[in-house]
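As stored in start.txt (compact mmCIF, C-alpha atoms):
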# COMPACT_ATOMS: atom_id res chain seq x y z
CA MET A 1 21.99 -63.68 -2.57
CA LYS A 2 21.38 -66.73 -0.39
CA PRO A 3 21.58 -70.26 -1.87
CA GLU A 4 18.31 -72.17 -2.26
CA ILE A 5 17.46 -73.94 0.96
CA LYS A 6 15.23 -77.00 0.83
CA ALA A 7 15.40 -78.01 4.49
CA PHE A 8 15.36 -75.72 7.52
CA ILE A 9 16.73 -77.86 10.33
CA PHE A 10 16.28 -76.57 13.85
CA ASP A 11 17.99 -77.50 17.06
CA VAL A 12 15.51 -77.54 19.98
CA TYR A 13 16.98 -76.90 23.44
CA GLY A 14 18.08 -73.30 23.74
CA THR A 15 17.03 -72.58 20.16
CA LEU A 16 13.24 -72.99 20.09
CA PHE A 17 12.82 -73.48 23.84
CA ASP A 18 14.38 -71.69 26.78
CA VAL A 19 16.10 -74.37 28.86
CA HIS A 20 16.44 -71.98 31.78
CA SER A 21 12.68 -71.78 31.99
CA VAL A 22 13.05 -74.75 34.38
CA LYS A 23 14.56 -72.23 36.79
CA GLU A 24 11.18 -71.40 38.36
CA LYS A 25 10.46 -75.08 39.02
CA CYS A 26 13.93 -75.48 40.51
CA ASP A 27 13.27 -72.43 42.64
CA ASP A 28 9.96 -73.81 43.94
CA ILE A 29 11.79 -76.89 45.20
CA PHE A 30 15.07 -75.24 46.21
CA PRO A 31 14.14 -71.67 47.17
CA GLY A 32 16.77 -69.10 46.16
CA LYS A 33 18.84 -71.67 44.25
CA GLY A 34 16.74 -72.00 41.10
CA LEU A 35 19.11 -70.12 38.80
CA SER A 36 22.23 -71.74 40.20
CA ILE A 37 20.79 -75.26 39.90
CA SER A 38 19.36 -74.75 36.42
CA GLN A 39 22.67 -73.36 35.11
CA SER A 40 24.68 -76.11 36.75
CA TRP A 41 22.20 -78.68 35.39
CA ARG A 42 22.50 -77.41 31.79
CA ASN A 43 26.31 -77.18 31.94
CA LYS A 44 26.59 -80.71 33.28
CA GLN A 45 24.09 -82.04 30.76
CA LEU A 46 26.31 -80.77 27.93
CA ASN A 47 29.42 -82.06 29.67
CA TYR A 48 27.92 -85.53 30.18
CA PHE A 49 26.78 -86.23 26.64
CA PHE A 50 30.12 -84.94 25.33
CA LEU A 51 31.90 -87.27 27.76
CA ARG A 52 29.72 -90.27 27.00
CA GLN A 53 30.26 -89.79 23.28
CA LEU A 54 34.03 -89.45 23.78
CA MET A 55 34.19 -92.55 25.97
CA GLY A 56 31.99 -94.62 23.65
CA ARG A 57 29.49 -95.07 26.46
CA TYR A 58 26.18 -93.91 25.03
CA GLU A 59 23.12 -93.38 27.17
CA ASN A 60 20.11 -91.47 25.90
CA PHE A 61 19.46 -87.81 26.63
CA GLU A 62 16.90 -88.48 29.34
CA VAL A 63 19.39 -90.62 31.25
CA VAL A 64 22.09 -87.97 30.78
CA THR A 65 19.71 -85.20 31.86
CA ARG A 66 18.83 -87.14 35.01
CA GLU A 67 22.51 -87.79 35.81
CA ALA A 68 23.30 -84.11 35.26
CA LEU A 69 20.49 -83.08 37.58
CA ARG A 70 21.85 -85.34 40.34
CA TYR A 71 25.23 -83.66 39.97
CA ALA A 72 23.71 -80.15 39.95
CA ILE A 73 21.74 -80.87 43.13
CA ALA A 74 24.87 -82.21 44.87
CA GLN A 75 26.94 -79.26 43.66
CA ASN A 76 24.41 -76.93 45.23
CA HIS A 77 24.51 -78.85 48.52
CA GLU A 78 20.90 -79.98 48.34
CA ASP A 79 19.35 -83.40 48.81
CA TRP A 80 18.25 -85.52 45.89
CA THR A 81 15.05 -87.57 45.95
CA ALA A 82 13.49 -89.62 43.15
CA GLU A 83 10.34 -87.53 43.48
CA ILE A 84 12.23 -84.26 42.96
CA GLU A 85 14.06 -85.72 40.00
CA ASP A 86 10.84 -86.87 38.32
CA LYS A 87 9.21 -83.51 38.92
CA LEU A 88 12.12 -81.60 37.40
CA ILE A 89 12.47 -83.98 34.44
CA THR A 90 8.80 -83.32 33.70
CA ALA A 91 9.70 -79.64 33.50
CA TYR A 92 11.83 -80.54 30.47
CA SER A 93 8.63 -81.44 28.60
CA GLU A 94 7.07 -78.12 29.49
CA LEU A 95 9.83 -75.71 28.48
CA ALA A 96 8.83 -72.21 27.46
CA LEU A 97 8.85 -71.54 23.72
CA TYR A 98 10.72 -68.37 22.74
CA GLN A 99 8.16 -65.75 21.85
CA GLU A 100 8.89 -65.32 18.13
CA VAL A 101 9.04 -69.04 17.25
CA LYS A 102 5.41 -69.69 16.25
CA LYS A 103 5.27 -66.69 13.96
CA VAL A 104 8.48 -67.66 12.16
CA LEU A 105 7.47 -71.30 11.75
CA ALA A 106 4.14 -70.14 10.30
CA GLU A 107 5.96 -67.97 7.75
CA LEU A 108 8.15 -70.87 6.63
CA LYS A 109 4.92 -72.63 5.53
CA ASN A 110 5.80 -74.40 2.21
CA LYS A 111 9.41 -74.92 3.23
CA LYS A 112 10.37 -78.06 5.08
CA ALA A 113 10.91 -77.33 8.76
CA ILE A 114 12.69 -80.14 10.55
CA ILE A 115 13.96 -80.81 14.06
CA LEU A 116 17.27 -82.55 14.71
CA SER A 117 17.98 -82.82 18.42
CA ASN A 118 20.02 -84.71 20.96
CA GLY A 119 16.79 -85.25 22.94
CA THR A 120 14.99 -88.57 22.85
CA ASN A 121 11.98 -89.09 20.61
CA HIS A 122 9.74 -89.13 23.67
CA MET A 123 11.19 -85.88 25.05
CA LEU A 124 10.93 -84.15 21.67
CA GLN A 125 7.38 -85.28 20.94
CA SER A 126 6.27 -84.16 24.41
CA VAL A 127 7.82 -80.71 24.39
CA VAL A 128 6.73 -79.93 20.82
CA LYS A 129 3.18 -81.17 21.42
CA ASN A 130 2.85 -79.29 24.71
CA ALA A 131 3.90 -76.09 22.95
CA GLY A 132 1.39 -76.72 20.16
CA ILE A 133 3.91 -76.51 17.32
CA ASN A 134 4.00 -80.11 16.06
CA HIS A 135 1.98 -79.34 12.92
CA PHE A 136 4.71 -76.99 11.66
CA PHE A 137 7.27 -79.77 11.26
CA HIS A 138 7.84 -82.10 8.35
CA SER A 139 10.03 -84.34 10.56
CA ILE A 140 11.14 -84.50 14.18
CA LEU A 141 14.40 -86.42 14.35
CA SER A 142 16.25 -87.66 17.42
CA ILE A 143 19.89 -88.69 17.28
CA ASP A 144 18.83 -91.47 19.67
CA ASP A 145 17.92 -93.42 16.51
CA VAL A 146 21.64 -93.60 15.66
CA LYS A 147 23.10 -93.12 19.16
CA GLN A 148 25.58 -90.49 18.01
CA TYR A 149 25.31 -87.08 19.65
CA LYS A 150 25.74 -83.77 17.92
CA PRO A 151 28.33 -82.34 17.24
CA THR A 152 29.63 -85.59 15.66
CA ALA A 153 29.33 -85.72 11.88
CA ALA A 154 27.30 -88.95 12.22
CA ALA A 155 24.52 -87.06 14.01
CA TYR A 156 24.07 -84.43 11.30
CA ASN A 157 24.41 -87.08 8.62
CA TYR A 158 21.46 -88.92 10.11
CA ALA A 159 19.17 -86.09 8.98
CA LEU A 160 20.44 -86.43 5.40
CA ILE A 161 19.98 -90.18 5.41
CA GLN A 162 16.42 -89.82 6.64
CA LEU A 163 15.41 -86.95 4.41
CA GLY A 164 17.37 -87.38 1.20
CA PHE A 165 18.70 -83.81 0.96
CA GLN A 166 22.22 -82.73 0.03
CA ARG A 167 24.10 -80.96 2.80
CA GLU A 168 24.32 -77.72 0.80
CA GLU A 169 20.51 -77.63 0.58
CA VAL A 170 20.22 -77.41 4.36
CA LEU A 171 20.16 -74.41 6.66
CA PHE A 172 20.91 -75.55 10.21
CA MET A 173 19.93 -73.28 13.09
CA SER A 174 21.02 -73.42 16.69
CA SER A 175 21.65 -71.14 19.65
CA ASN A 176 24.48 -73.38 20.77
CA GLY A 177 27.91 -72.42 19.50
CA TRP A 178 29.14 -76.02 19.69
CA ASP A 179 26.18 -77.19 17.60
CA ILE A 180 26.74 -74.54 14.94
CA SER A 181 30.44 -75.45 14.85
CA GLY A 182 29.54 -79.12 14.35
CA ALA A 183 26.98 -78.37 11.64
CA LYS A 184 29.39 -76.07 9.79
CA ASN A 185 32.14 -78.68 10.11
CA PHE A 186 29.74 -81.20 8.55
CA GLY A 187 28.95 -78.91 5.63
CA PHE A 188 25.54 -77.41 6.35
CA HIS A 189 24.80 -73.74 5.88
CA THR A 190 24.45 -72.38 9.38
CA ALA A 191 22.64 -69.62 11.22
CA TRP A 192 23.69 -69.04 14.80
CA ILE A 193 20.82 -67.76 16.93
CA ASN A 194 22.88 -65.80 19.41
CA ARG A 195 20.18 -65.13 21.99
CA SER A 196 22.58 -64.30 24.82
CA ASN A 197 24.93 -61.98 22.93
CA ALA A 198 27.78 -64.47 23.48
CA PRO A 199 31.22 -64.13 21.87
CA SER A 200 31.70 -66.12 18.67
CA GLU A 201 33.48 -69.46 19.00
CA LYS A 202 37.18 -69.36 18.08
CA LEU A 203 37.26 -72.69 16.23
CA GLY A 204 37.68 -71.47 12.67
CA LEU A 205 34.10 -72.50 11.81
CA ALA A 206 32.23 -69.20 11.58
CA PRO A 207 28.47 -69.45 10.93
CA ASP A 208 27.08 -68.11 7.66
CA SER A 209 24.63 -65.86 9.51
CA ILE A 210 24.15 -64.64 13.05
CA TYR A 211 20.77 -63.47 14.37
CA GLU A 212 19.57 -62.47 17.80
CA ASP A 213 16.42 -64.58 17.44
CA ILE A 214 15.05 -66.87 14.73
CA THR A 215 13.17 -64.12 12.87
CA GLY A 216 16.32 -63.37 10.87
CA ILE A 217 16.38 -66.82 9.28
CA LEU A 218 13.46 -65.82 7.05
CA GLU A 219 15.95 -64.10 4.76
CA TRP A 220 17.07 -67.61 3.77
CA LYS A 221 13.59 -68.35 2.43
CA SER A 222 13.83 -67.90 -1.33
CA GLN A 223 11.26 -65.86 -3.24
CA GLU A 224 8.22 -67.75 -4.43
CA MET B 1 44.70 -104.83 50.25
CA LYS B 2 45.57 -102.90 47.10
CA PRO B 3 46.59 -104.69 43.87
CA GLU B 4 50.23 -104.42 42.84
CA ILE B 5 50.77 -101.27 40.83
CA LYS B 6 53.66 -101.12 38.39
CA ALA B 7 52.96 -97.74 36.81
CA PHE B 8 51.73 -94.60 38.57
CA ILE B 9 50.35 -92.44 35.79
CA PHE B 10 49.65 -88.81 36.58
CA ASP B 11 47.56 -86.24 34.82
CA VAL B 12 49.26 -82.81 34.88
CA TYR B 13 46.95 -79.79 34.63
CA GLY B 14 44.92 -79.43 37.81
CA THR B 15 46.53 -82.56 39.28
CA LEU B 16 50.22 -81.68 39.75
CA PHE B 17 49.90 -78.01 38.81
CA ASP B 18 47.31 -75.41 39.71
CA VAL B 19 45.92 -74.10 36.43
CA HIS B 20 44.32 -71.16 38.20
CA SER B 21 47.78 -69.96 39.21
CA VAL B 22 47.64 -68.05 35.90
CA LYS B 23 45.04 -65.88 37.62
CA GLU B 24 47.66 -63.42 38.92
CA LYS B 25 49.13 -62.93 35.45
CA CYS B 26 45.63 -62.43 34.04
CA ASP B 27 45.00 -59.93 36.80
CA ASP B 28 48.17 -57.97 36.02
CA ILE B 29 46.96 -57.52 32.45
CA PHE B 30 43.22 -57.22 33.14
CA PRO B 31 42.97 -55.72 36.65
CA GLY B 32 40.07 -57.10 38.67
CA LYS B 33 39.19 -59.72 36.04
CA GLY B 34 41.96 -62.27 36.67
CA LEU B 35 39.76 -64.89 38.32
CA SER B 36 36.93 -64.50 35.84
CA ILE B 37 39.24 -64.76 32.82
CA SER B 38 41.25 -67.69 34.18
CA GLN B 39 38.07 -69.66 34.97
CA SER B 40 36.51 -68.86 31.63
CA TRP B 41 39.79 -69.80 29.93
CA ARG B 42 40.01 -73.19 31.62
CA ASN B 43 36.34 -74.01 30.99
CA LYS B 44 36.65 -73.12 27.32
CA GLN B 45 39.92 -75.03 26.99
CA LEU B 46 38.13 -78.22 28.13
CA ASN B 47 35.16 -77.45 25.93
CA TYR B 48 37.33 -76.91 22.86
CA PHE B 49 39.38 -80.08 22.99
CA PHE B 50 36.21 -82.08 23.68
CA LEU B 51 34.57 -80.41 20.66
CA ARG B 52 37.56 -80.87 18.37
CA GLN B 53 37.76 -84.54 19.30
CA LEU B 54 34.01 -84.99 18.70
CA MET B 55 34.16 -83.21 15.35
CA GLY B 56 37.27 -85.08 14.21
CA ARG B 57 39.11 -81.78 13.90
CA TYR B 58 42.25 -82.21 15.99
CA GLU B 59 44.52 -79.33 16.83
CA ASN B 60 47.14 -79.60 19.54
CA PHE B 61 46.66 -78.38 23.10
CA GLU B 62 48.63 -75.19 22.60
CA VAL B 63 46.40 -74.18 19.69
CA VAL B 64 43.30 -75.07 21.72
CA THR B 65 44.60 -73.17 24.74
CA ARG B 66 45.21 -70.08 22.58
CA GLU B 67 41.74 -70.32 21.03
CA ALA B 68 40.17 -70.70 24.46
CA LEU B 69 42.04 -67.64 25.73
CA ARG B 70 40.71 -65.56 22.83
CA TYR B 71 37.20 -66.62 23.74
CA ALA B 72 37.73 -65.92 27.45
CA ILE B 73 39.06 -62.42 26.72
CA ALA B 74 36.07 -61.66 24.45
CA GLN B 75 33.64 -63.08 27.01
CA ASN B 76 35.07 -60.70 29.57
CA HIS B 77 34.73 -57.74 27.19
CA GLU B 78 38.45 -57.11 26.97
CA ASP B 79 40.68 -56.58 23.94
CA TRP B 80 42.91 -59.32 22.59
CA THR B 81 46.43 -58.65 21.33
CA ALA B 82 49.05 -61.13 20.12
CA GLU B 83 51.40 -59.81 22.79
CA ILE B 84 48.92 -60.47 25.60
CA GLU B 85 48.24 -63.94 24.25
CA ASP B 86 51.93 -64.84 24.12
CA LYS B 87 52.46 -63.52 27.62
CA LEU B 88 49.59 -65.56 29.05
CA ILE B 89 50.53 -68.72 27.14
CA THR B 90 53.97 -68.44 28.71
CA ALA B 91 52.23 -68.51 32.07
CA TYR B 92 51.14 -72.05 31.20
CA SER B 93 54.80 -73.12 31.34
CA GLU B 94 55.21 -71.56 34.76
CA LEU B 95 52.24 -73.01 36.61
CA ALA B 96 52.52 -73.41 40.36
CA LEU B 97 53.16 -76.93 41.58
CA TYR B 98 50.83 -78.07 44.35
CA GLN B 99 52.75 -78.02 47.60
CA GLU B 100 52.80 -81.76 48.40
CA VAL B 101 53.80 -82.97 44.93
CA LYS B 102 57.61 -83.08 45.27
CA LYS B 103 57.48 -84.97 48.55
CA VAL B 104 55.12 -87.61 47.17
CA LEU B 105 57.10 -88.08 43.95
CA ALA B 106 60.26 -88.54 46.04
CA GLU B 107 58.56 -91.24 48.10
CA LEU B 108 57.48 -93.15 44.98
CA LYS B 109 61.21 -93.58 44.18
CA ASN B 110 61.58 -97.16 42.79
CA LYS B 111 58.08 -97.12 41.34
CA LYS B 112 57.55 -95.89 37.82
CA ALA B 113 56.04 -92.42 37.83
CA ILE B 114 54.66 -91.42 34.44
CA ILE B 115 52.86 -88.43 33.00
CA LEU B 116 50.05 -88.80 30.47
CA SER B 117 48.63 -85.45 29.49
CA ASN B 118 46.62 -83.69 26.83
CA GLY B 119 49.35 -81.02 26.73
CA THR B 120 51.90 -80.96 23.93
CA ASN B 121 55.39 -82.40 24.47
CA HIS B 122 56.79 -78.88 24.45
CA MET B 123 54.32 -77.62 27.04
CA LEU B 124 54.87 -80.64 29.29
CA GLN B 125 58.66 -80.55 29.10
CA SER B 126 58.64 -76.82 29.90
CA VAL B 127 56.32 -76.89 32.87
CA VAL B 128 57.94 -79.98 34.41
CA LYS B 129 61.46 -78.62 33.92
CA ASN B 130 60.54 -75.19 35.29
CA ALA B 131 59.16 -76.86 38.41
CA GLY B 132 62.31 -78.96 38.80
CA ILE B 133 60.50 -82.32 38.88
CA ASN B 134 61.61 -83.89 35.58
CA HIS B 135 64.02 -86.32 37.25
CA PHE B 136 61.14 -88.01 39.10
CA PHE B 137 59.53 -89.30 35.92
CA HIS B 138 60.24 -92.49 33.99
CA SER B 139 58.25 -91.12 31.01
CA ILE B 140 56.43 -87.95 30.05
CA LEU B 141 53.81 -88.79 27.45
CA SER B 142 51.71 -86.42 25.38
CA ILE B 143 48.57 -87.56 23.58
CA ASP B 144 49.74 -85.27 20.78
CA ASP B 145 51.79 -88.25 19.61
CA VAL B 146 48.54 -90.05 18.72
CA LYS B 147 46.27 -86.99 18.33
CA GLN B 148 43.53 -88.49 20.48
CA TYR B 149 42.54 -86.52 23.57
CA LYS B 150 41.69 -88.00 26.91
CA PRO B 151 39.02 -89.17 27.82
CA THR B 152 38.98 -91.32 24.65
CA ALA B 153 40.15 -94.90 25.18
CA ALA B 154 42.80 -94.36 22.47
CA ALA B 155 44.54 -91.75 24.63
CA TYR B 156 44.90 -94.01 27.68
CA ASN B 157 45.84 -96.91 25.46
CA TYR B 158 48.77 -94.89 24.12
CA ALA B 159 50.45 -95.14 27.52
CA LEU B 160 50.13 -98.94 27.46
CA ILE B 161 51.53 -99.17 23.94
CA GLN B 162 54.51 -97.03 24.91
CA LEU B 163 55.22 -98.67 28.24
CA GLY B 164 54.19 -102.29 27.89
CA PHE B 165 52.09 -102.52 31.06
CA GLN B 166 48.73 -104.21 31.44
CA ARG B 167 45.90 -101.87 32.32
CA GLU B 168 45.30 -103.53 35.69
CA GLU B 169 48.93 -102.78 36.64
CA VAL B 170 48.27 -99.04 36.34
CA LEU B 171 47.06 -96.51 38.90
CA PHE B 172 45.85 -93.42 37.09
CA MET B 173 45.56 -90.18 39.06
CA SER B 174 43.77 -86.99 38.12
CA SER B 175 41.93 -84.09 39.73
CA ASN B 176 39.60 -83.94 36.76
CA GLY B 177 36.38 -85.92 37.11
CA TRP B 178 36.11 -86.41 33.34
CA ASP B 179 39.66 -87.79 33.20
CA ILE B 180 39.06 -90.24 36.03
CA SER B 181 35.83 -91.35 34.36
CA GLY B 182 37.72 -91.95 31.10
CA ALA B 183 40.54 -93.85 32.81
CA LYS B 184 38.11 -96.02 34.76
CA ASN B 185 36.10 -96.67 31.60
CA PHE B 186 39.35 -97.78 29.94
CA GLY B 187 40.16 -100.19 32.76
CA PHE B 188 42.83 -98.48 34.87
CA HIS B 189 42.71 -98.39 38.65
CA THR B 190 41.89 -94.80 39.47
CA ALA B 191 42.49 -92.31 42.26
CA TRP B 192 40.55 -89.08 42.04
CA ILE B 193 42.46 -86.17 43.59
CA ASN B 194 39.45 -84.12 44.62
CA ARG B 195 41.24 -80.88 45.45
CA SER B 196 38.16 -78.69 45.30
CA ASN B 197 35.77 -80.89 47.28
CA ALA B 198 33.62 -81.31 44.18
CA PRO B 199 30.66 -83.71 43.99
CA SER B 200 31.41 -87.11 42.47
CA GLU B 201 30.50 -87.55 38.81
CA LYS B 202 27.21 -89.36 38.20
CA LEU B 203 28.39 -91.48 35.28
CA GLY B 204 28.48 -94.90 36.92
CA LEU B 205 32.31 -94.92 36.85
CA ALA B 206 33.27 -94.36 40.48
CA PRO B 207 37.02 -94.05 41.18
CA ASP B 208 38.73 -96.72 43.28
CA SER B 209 40.04 -94.11 45.71
CA ILE B 210 39.39 -90.45 46.44
CA TYR B 211 41.98 -88.21 48.11
CA GLU B 212 42.09 -84.51 48.82
CA ASP B 213 45.66 -84.25 47.54
CA ILE B 214 48.15 -86.72 46.06
CA THR B 215 49.64 -87.76 49.43
CA GLY B 216 46.94 -90.44 49.73
CA ILE B 217 48.12 -92.31 46.66
CA LEU B 218 51.13 -93.62 48.62
CA GLU B 219 48.85 -96.29 50.07
CA TRP B 220 48.89 -97.86 46.57
CA LYS B 221 52.65 -98.35 46.85
CA SER B 222 53.14 -101.99 47.78
CA GLN B 223 55.48 -103.04 50.61
CA GLU B 224 59.09 -103.56 49.63

Kindly return the structure encoded in the file as structure tokens.
Amino acid sequence: MKPEIKAFIFDVYGTLFDVHSVKEKCDDIFPGKGLSISQSWRNKQLNYFFLRQLMGRYENFEVVTREALRYAIAQNHEDWTAEIEDKLITAYSELALYQEVKKVLAELKNKKAIILSNGTNHMLQSVVKNAGINHFFHSILSIDDVKQYKPTAAAYNYALIQLGFQREEVLFMSSNGWDISGAKNFGFHTAWINRSNAPSEKLGLAPDSIYEDITGILEWKSQE
Amino acid sequence: MKPEIKAFIFDVYGTLFDVHSVKEKCDDIFPGKGLSISQSWRNKQLNYFFLRQLMGRYENFEVVTREALRYAIAQNHEDWTAEIEDKLITAYSELALYQEVKKVLAELKNKKAIILSNGTNHMLQSVVKNAGINHFFHSILSIDDVKQYKPTAAAYNYALIQLGFQREEVLFMSSNGWDISGAKNFGFHTAWINRSNAPSEKLGLAPDSIYEDITGILEWKSQE
């Protein structure tokens, strides 16, 4: 028997959208290196917002994503130009939605579906609107409003402050192990969307549920 | 003309010692997978102490290193045992010293050579003693004493509190881009030991010097 969930809070990048769907655009610009650059880009993006948070040197997610791209291009021995950077950053607004997402969001109907992401408000509004899923969400929240990245407790707490829920009324969903660890540490119920069949994190913060895509989270929807 | 440096503070893992020298021991236990496991282990080790610091959930570096090893073994589809873990953790006390290190430490002679590492006191004392370089150091400092990992400002500040130097009197040396970024952010002079010919970090915190091994840092030693 699952507890009653009043707020279904979704992570965005990797969870609703496939961040490696920028691979094709990378490959158009850097033939044969699309996968390598997109993986390096994503790894460095994570590394950079972790580092900036640890150093107390906040910049927003668009800035971090641009910095990470510059590193990824250099690491792959290619030449950076402002034009290439702008083109690839645009790709971040046009990420591919995972195929089951619309159907699941439609089934959540009367429940409150919410986004809490490290992305900026502009990035989130663009990607959600381009995918045609904005009407499913009660709220789309960016940690840029408080300048504290997930997985800090302050980032998850921002959603509670804005929405007025108790942490035990929330189911938080993410494909990112670090994000699920942070949400569990904060006190949310958690569902890890383990799309890549990755090993579980060894941090002593096991998720409440593990699913291979977001369809499974519907079992947290109480009977009406 | 370099400023006068009173304290030469060294990072340890990756800077004085080659962390991938555990590869052979990994390969003995998991034939053919030594490189993959040692790389995965190191990446996850970094990821885990970053995450624990961000979540406010400190555990010491030995615990984090053990957790990261468990993840790396699972990621490589191998079976964990307590015996394997203990054997590989021991390898962390027997890391290979980079070949130029002893010569450079000997040349620093009257200058104060100091270690500031995320490792525990026990791990640091073991690896330094096993390599026969303990007599070169004025102090061997572990952030475990303050439970704040580098690259937080609190970690670098611990060295100042213990030693009584001003930050501008310090040259901080590390092979790790994130560590150099943190030290520069804190206000130390920095020398990045870029052993792997990696791209520079794109965080707006360029090091004062870049060398391919630690020999270059001798140019920071003022004339006597």

Counting only C-alpha atoms, which residues of chain A fall within 10 Å of chain B, and what is the closest atom pair for each with its distance in Å at one decimal, ordered by chain and rising number, as CSV?
residue,atom,partner,partner_atom,distance
A:Lys44,CA,B:Glu201,CA,9.6
A:Leu46,CA,B:Asn47,CA,9.7
A:Asn47,CA,B:Asn47,CA,8.3
A:Tyr48,CA,B:Leu203,CA,7.9
A:Phe50,CA,B:Phe50,CA,6.9
A:Leu51,CA,B:Trp178,CA,7.0
A:Arg52,CA,B:Leu203,CA,8.5
A:Gln53,CA,B:Leu54,CA,7.6
A:Leu54,CA,B:Thr152,CA,5.4
A:Met55,CA,B:Thr152,CA,5.1
A:Gly56,CA,B:Thr152,CA,7.8
A:Arg57,CA,B:Asn185,CA,8.5
A:Glu59,CA,B:Leu203,CA,9.9
A:Val63,CA,B:Leu203,CA,9.9
A:Val64,CA,B:Leu203,CA,8.5
A:Arg66,CA,B:Lys202,CA,9.2
A:Glu67,CA,B:Lys202,CA,5.5
A:Ala68,CA,B:Lys202,CA,7.2
A:Leu69,CA,B:Lys202,CA,9.2
A:Arg70,CA,B:Lys202,CA,7.0
A:Tyr71,CA,B:Lys202,CA,6.3
A:Ala72,CA,B:Pro199,CA,8.8
A:Ile73,CA,B:Pro199,CA,9.4
A:Ala74,CA,B:Pro199,CA,6.0
A:Gln75,CA,B:Pro199,CA,5.8
A:Asn76,CA,B:Pro199,CA,9.3
A:His77,CA,B:Pro199,CA,9.1
A:Tyr149,CA,B:Leu54,CA,9.0
A:Lys150,CA,B:Leu54,CA,8.4
A:Pro151,CA,B:Met55,CA,6.2
A:Thr152,CA,B:Met55,CA,5.1
A:Ala153,CA,B:Met55,CA,6.5
A:Ala154,CA,B:Met55,CA,9.5
A:Trp178,CA,B:Leu51,CA,7.0
A:Asp179,CA,B:Leu51,CA,9.5
A:Ser181,CA,B:Met55,CA,8.6
A:Gly182,CA,B:Met55,CA,6.3
A:Ala183,CA,B:Met55,CA,9.4
A:Asn185,CA,B:Met55,CA,7.2
A:Phe186,CA,B:Met55,CA,8.4
A:Asn197,CA,B:Gln75,CA,9.7
A:Ala198,CA,B:Gln75,CA,7.0
A:Pro199,CA,B:Gln75,CA,5.8
A:Ser200,CA,B:Tyr71,CA,7.5
A:Glu201,CA,B:Tyr71,CA,6.7
A:Lys202,CA,B:Glu67,CA,5.5
A:Leu203,CA,B:Glu67,CA,7.0
A:Gly204,CA,B:Glu67,CA,9.4

> For the point (50.9, -89.7, 30.4) in file coordinates, what residues are within 8 Å, counting all atoms listed in the file? Give the answer as a list of chain:residue names?
Replying inline: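 With a cut-off of 8 Å, the residues come to B:Ile9, B:Phe10, B:Asp11, B:Ile114, B:Ile115, B:Leu116, B:Ser117, B:Ser139, B:Ile140, B:Leu141, B:Ser142, B:Ile143, B:Tyr156, B:Ala159.
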
> Which value, in Å to one decimal, gives the distance between CA of Phe30 in chain A and CA of Arg42 in chain B?
Replying inline: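 Computing the Euclidean distance for CA of Phe30 in chain A and CA of Arg42 in chain B yields 29.0 Å.
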
> Quick one: of B:Asn157, B:Thr15, B:Asn130, B:Asn110, who's nearest to Tyr98 in chain B, counting only C-alpha atoms?
Replying inline: B:Thr15

>> Counting only C-alpha atoms, which residues have an atom no more than 8 Å from (58.2, -86.1, 40.1) in the file's coordinates? Please list them as a list in words.
In response: Val101, Lys102, Val104, Leu105, Ala106, Ala113, Ile133, Asn134, His135, Phe136 and Phe137 of chain B

>> For a test of reading the model, state the distance in Å between CA of Ala7 in chain A and CA of Lys112 in chain A, rounded to one decimal.
In response: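 Atom-to-atom, CA of Ala7 in chain A to CA of Lys112 in chain A, that is 5.1 Å.
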
>> Residues near range 79-92 of chain A, anyone? I mean within 12 Å using all atoms listed in the file, not counting same-chain ones fewer than 4 positions away, as number ranges by chain.
In response: A: 12-14, 17-30, 34, 37-38, 41-42, 61-75, 96-97, 119-120, 122-128, 130-131

>> For a test of reading the model, state the distance in Å between CA of Tyr211 in chain B and CA of Leu95 in chain B, rounded to one decimal.
In response: 21.6 Å

Range 178-191 of chain B: axis-aligned bounding box, 5 Å on each side, centre and edge lengths in Å, one decimal, as lines of an AutoDock Vina configuration file:
center_x = 39.3
center_y = -93.3
center_z = 36.1
size_x = 17.0
size_y = 23.8
size_z = 22.3

>> With distances taken over all atoms listed in the file, which residue among A:Gln162, A:Phe188, A:Ile210, A:Asp144 lies nearest Asn176 in chain A?
In response: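 Checking each of A:Gln162, A:Phe188, A:Ile210, A:Asp144 against Asn176 in chain A, counting all atoms listed in the file, the winner is A:Ile210.
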
> Near Ile217 in chain B, counting only C-alpha atoms, which residues have an atom at most 9 Å away, once you skip same-chain residues fewer than 3 positions from it, shown as a ChimeraX atom specification?
Replying inline: /B:104,171,173,191,193,209-211,213-214,220-221

May I have the selected residues written with C-alpha atoms, as an mmCIF file, in the coordinates of the input?
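The resulting file, out08.cif, is shown below:
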data_model
loop_
_atom_site.group_PDB
_atom_site.id
_atom_site.type_symbol
_atom_site.label_atom_id
_atom_site.label_comp_id
_atom_site.auth_asym_id
_atom_site.auth_seq_id
_atom_site.Cartn_x
_atom_site.Cartn_y
_atom_site.Cartn_z
ATOM 1 C CA VAL B 104 55.120 -87.610 47.170
ATOM 2 C CA LEU B 171 47.060 -96.510 38.900
ATOM 3 C CA MET B 173 45.560 -90.180 39.060
ATOM 4 C CA ALA B 191 42.490 -92.310 42.260
ATOM 5 C CA ILE B 193 42.460 -86.170 43.590
ATOM 6 C CA SER B 209 40.040 -94.110 45.710
ATOM 7 C CA ILE B 210 39.390 -90.450 46.440
ATOM 8 C CA TYR B 211 41.980 -88.210 48.110
ATOM 9 C CA ASP B 213 45.660 -84.250 47.540
ATOM 10 C CA ILE B 214 48.150 -86.720 46.060
ATOM 11 C CA TRP B 220 48.890 -97.860 46.570
ATOM 12 C CA LYS B 221 52.650 -98.350 46.850
#

>> Let me make sure I understand: among B:Asp145, B:Leu108, B:Gly216, B:Tyr158, which one has the smallest atom-to-atom distance to Phe8 in chain B if we use only C-alpha atoms?
In response: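 Closest to Phe8 in chain B of all the choices is B:Leu108.
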